[in-house]
Amino acid sequence: MTKRLALVLLLGLASASCVPAETSAYRRTPGPTAGGVAASGVAAGIHRDPADLAVLPGESAVMSAFEHAGMPVRLIGMSKFAGMLGSMRPARAFTAAPTWGAGGADVLFLEEPIGDVRVCTTPSAIPGWTINTLFVNGRQVDRSEAGQLVLFSVGHGYFVQAWDERTSDALRQGLGLEAPRC
């Protein structure tokens with residue numbers, strides 16, 4: 001029993017040290033790593049939702065941008081906006097809040113330059129709501145209505161949809177992003 005436990009611990013430590021390093025922007029690197037203590041961020045106090053959510057290359061740069069702004073990431077989850085630029089892309093939701101719904105951002109990791117991304121925001125027929133229309137290289141790829149603040153940013157390796165100004169500013173400064181033109 002003791003030998004089996006020692007073997008399990010040894011294998012666990014060996015596999016945790018095999019997590020590939022991340023780059024500052026999503027580039028052609030090995031695919032997502034499996035969950036696990038080192039990959040999941042549990043050791044750093046970051047909760048992943050679900051707990052076995054794979055780590056994507058580029059996540060560490062996003063977490064560094066939050067950290068630099070004094071907003072350490074507390075939750076990382078799946079993004080429901082992975083297809084908002086016209087095709088499915090690796091994406092994650094990040095927040096410095098202890099629960100979902102209190103600000104944060106959805107980040108799409110762009111493997112290759114995407115071209116001209118534009119976001120046009122217009123008032124909705126519903127008071128206080130806006131319509132966001134996204135274009136990639138002149139082609140409309142998404143249209144949504146929102147009853148809350150949505151701030152878009154784009155730059156080398158990232159497309160961000162932030163839900164509050166502080167998060168938007170942190171990611172724009174930390175990742176070198178800009179607001180897309182209409």
# chains A, B, ... in the order shown; residues from 1 in each chain; ligands from 1
$ select_by_dssp --residues "segment 32-179 of chain A" --states "helix (DSSP H, G or I)" --output "NGL selection string"
:A and (37-40 or 42-44 or 59-68 or 165-175)
$ write_last_selection --atoms "C-alpha atoms" --output "compact mmCIF listing (two decimals), in the first residue's frame"
# COMPACT_ATOMS: atom_id res chain seq x y z
CA VAL A 37 -2.85 20.62 -9.79
CA ALA A 38 -0.17 22.52 -11.71
CA ALA A 39 -2.24 23.07 -14.84
CA SER A 40 -5.47 24.05 -13.11
CA VAL A 42 -5.59 25.44 -7.91
CA ALA A 43 -2.19 25.85 -6.25
CA ALA A 44 -2.34 29.59 -6.98
CA GLU A 59 -3.99 32.18 -20.29
CA SER A 60 -0.94 33.20 -18.24
CA ALA A 61 -0.64 36.51 -20.15
CA VAL A 62 -4.29 37.29 -19.38
CA MET A 63 -3.77 36.44 -15.71
CA SER A 64 -0.63 38.62 -15.66
CA ALA A 65 -2.61 41.57 -17.09
CA PHE A 66 -5.20 41.17 -14.33
CA GLU A 67 -2.48 40.82 -11.67
CA HIS A 68 -0.60 43.91 -12.90
CA GLU A 165 -14.40 49.23 -17.39
CA ARG A 166 -11.74 48.17 -14.88
CA THR A 167 -11.34 44.75 -16.51
CA SER A 168 -11.34 46.28 -19.98
CA ASP A 169 -8.63 48.78 -19.01
CA ALA A 170 -6.51 46.07 -17.35
CA LEU A 171 -6.60 43.82 -20.42
CA ARG A 172 -6.07 46.67 -22.89
CA GLN A 173 -2.99 47.85 -21.01
CA GLY A 174 -1.64 44.40 -20.12
CA LEU A 175 -2.15 42.79 -23.54
$ closest_atom_pairs --of "segment 130-182 of chain A" --to "segment 86-109 of chain A" --cutoff "8 Å" --atoms "only C-alpha atoms" --output "CSV"
residue,atom,partner,partner_atom,distance
A:Val136,CA,A:Gly86,CA,7.9
A:Val141,CA,A:Gly86,CA,4.9
A:Asp142,CA,A:Gly86,CA,7.1
A:Gly157,CA,A:Phe109,CA,5.8
A:Tyr158,CA,A:Phe109,CA,4.9
A:Phe159,CA,A:Leu108,CA,5.1
A:Val160,CA,A:Val107,CA,4.6
A:Gln161,CA,A:Asp106,CA,5.2
A:Ala162,CA,A:Ala105,CA,4.0
A:Trp163,CA,A:Gly103,CA,5.0
A:Asp164,CA,A:Gly103,CA,5.4
A:Thr167,CA,A:Gly104,CA,5.9
A:Ser168,CA,A:Ala105,CA,7.6
$ atom_distance --atom1 "atom CA of Ile126 of chain A" --atom2 "atom CA of Ala146 of chain A"
9.7 Å
$ select_by_dssp --residues "segment 29-161 of chain A" --states "strand (DSSP E or B)" --output "MDAnalysis selection string"
chainID A and resid 33 47:49 55 75:78 91:95 105:109 117:123 130:136 139:146 151:155 158:161
$ decode --residues "segment 86-100 of chain A" --atoms "all heavy atoms" --output "compact mmCIF listing (two decimals), in the first residue's frame"
# COMPACT_ATOMS: atom_id res chain seq x y z
N GLY A 86 -17.14 34.35 -36.01
CA GLY A 86 -17.47 33.65 -37.25
C GLY A 86 -17.03 32.22 -37.31
O GLY A 86 -17.46 31.48 -38.18
N SER A 87 -16.13 31.80 -36.45
CA SER A 87 -15.71 30.40 -36.37
C SER A 87 -15.27 30.13 -34.93
O SER A 87 -14.93 31.06 -34.19
CB SER A 87 -14.57 30.10 -37.34
OG SER A 87 -13.43 30.88 -37.03
N MET A 88 -15.30 28.88 -34.54
CA MET A 88 -14.95 28.52 -33.16
C MET A 88 -13.45 28.75 -32.93
O MET A 88 -12.63 28.38 -33.75
CB MET A 88 -15.31 27.06 -32.88
CG MET A 88 -16.80 26.79 -32.93
SD MET A 88 -17.77 27.77 -31.77
CE MET A 88 -17.32 27.00 -30.23
N ARG A 89 -13.16 29.39 -31.81
CA ARG A 89 -11.78 29.68 -31.42
C ARG A 89 -11.60 29.32 -29.95
O ARG A 89 -12.55 29.35 -29.18
CB ARG A 89 -11.48 31.16 -31.61
CG ARG A 89 -11.64 31.60 -33.05
CD ARG A 89 -11.36 33.07 -33.22
NE ARG A 89 -11.74 33.52 -34.54
CZ ARG A 89 -11.07 33.27 -35.66
NH1 ARG A 89 -9.98 32.55 -35.61
NH2 ARG A 89 -11.49 33.71 -36.82
N PRO A 90 -10.37 29.02 -29.54
CA PRO A 90 -10.14 28.78 -28.12
C PRO A 90 -10.54 30.02 -27.33
O PRO A 90 -10.21 31.14 -27.72
CB PRO A 90 -8.63 28.54 -28.03
CG PRO A 90 -8.19 28.23 -29.43
CD PRO A 90 -9.16 28.92 -30.34
N ALA A 91 -11.27 29.83 -26.24
CA ALA A 91 -11.76 30.98 -25.47
C ALA A 91 -11.95 30.59 -24.00
O ALA A 91 -12.20 29.43 -23.69
CB ALA A 91 -13.08 31.47 -26.05
N ARG A 92 -11.85 31.59 -23.14
CA ARG A 92 -12.08 31.40 -21.72
C ARG A 92 -12.74 32.64 -21.15
O ARG A 92 -12.57 33.75 -21.66
CB ARG A 92 -10.77 31.16 -20.96
CG ARG A 92 -10.11 29.83 -21.24
CD ARG A 92 -10.89 28.68 -20.60
NE ARG A 92 -10.29 27.40 -20.85
CZ ARG A 92 -10.69 26.56 -21.80
NH1 ARG A 92 -11.69 26.88 -22.60
NH2 ARG A 92 -10.10 25.39 -21.95
N ALA A 93 -13.47 32.46 -20.05
CA ALA A 93 -14.03 33.55 -19.27
C ALA A 93 -13.15 33.71 -18.03
O ALA A 93 -12.77 32.72 -17.40
CB ALA A 93 -15.46 33.25 -18.88
N PHE A 94 -12.82 34.96 -17.70
CA PHE A 94 -11.97 35.27 -16.55
C PHE A 94 -12.68 36.28 -15.67
O PHE A 94 -13.32 37.20 -16.18
CB PHE A 94 -10.65 35.91 -17.01
CG PHE A 94 -9.77 35.04 -17.83
CD1 PHE A 94 -9.96 34.93 -19.19
CD2 PHE A 94 -8.72 34.34 -17.24
CE1 PHE A 94 -9.13 34.14 -19.97
CE2 PHE A 94 -7.89 33.54 -18.01
CZ PHE A 94 -8.09 33.44 -19.37
N THR A 95 -12.51 36.17 -14.37
CA THR A 95 -13.00 37.20 -13.46
C THR A 95 -12.11 37.27 -12.22
O THR A 95 -11.56 36.26 -11.79
CB THR A 95 -14.47 36.99 -13.06
OG1 THR A 95 -14.91 38.12 -12.30
CG2 THR A 95 -14.68 35.73 -12.26
N ALA A 96 -11.98 38.49 -11.70
CA ALA A 96 -11.26 38.70 -10.45
C ALA A 96 -12.22 38.64 -9.27
O ALA A 96 -11.81 38.74 -8.13
CB ALA A 96 -10.53 40.04 -10.48
N ALA A 97 -13.51 38.48 -9.56
CA ALA A 97 -14.53 38.41 -8.52
C ALA A 97 -14.61 36.99 -7.96
O ALA A 97 -14.25 36.03 -8.64
CB ALA A 97 -15.88 38.83 -9.09
N PRO A 98 -15.12 36.84 -6.76
CA PRO A 98 -15.24 35.50 -6.17
C PRO A 98 -16.37 34.66 -6.75
O PRO A 98 -16.43 33.46 -6.53
CB PRO A 98 -15.47 35.77 -4.68
CG PRO A 98 -16.02 37.16 -4.62
CD PRO A 98 -15.45 37.89 -5.80
N THR A 99 -17.28 35.30 -7.52
CA THR A 99 -18.38 34.56 -8.15
C THR A 99 -18.60 35.09 -9.56
O THR A 99 -18.21 36.21 -9.90
CB THR A 99 -19.71 34.72 -7.37
OG1 THR A 99 -20.05 36.11 -7.34
CG2 THR A 99 -19.59 34.18 -5.95
N TRP A 100 -19.25 34.30 -10.41
CA TRP A 100 -19.59 34.75 -11.75
C TRP A 100 -20.63 35.84 -11.68
O TRP A 100 -21.43 35.91 -10.76
CB TRP A 100 -20.13 33.58 -12.58
CG TRP A 100 -19.10 32.53 -12.89
CD1 TRP A 100 -19.12 31.24 -12.50
CD2 TRP A 100 -17.89 32.71 -13.64
NE1 TRP A 100 -18.01 30.59 -12.94
CE2 TRP A 100 -17.24 31.45 -13.65
CE3 TRP A 100 -17.30 33.78 -14.29
CZ2 TRP A 100 -16.02 31.26 -14.30
CZ3 TRP A 100 -16.09 33.57 -14.93
CH2 TRP A 100 -15.46 32.34 -14.94
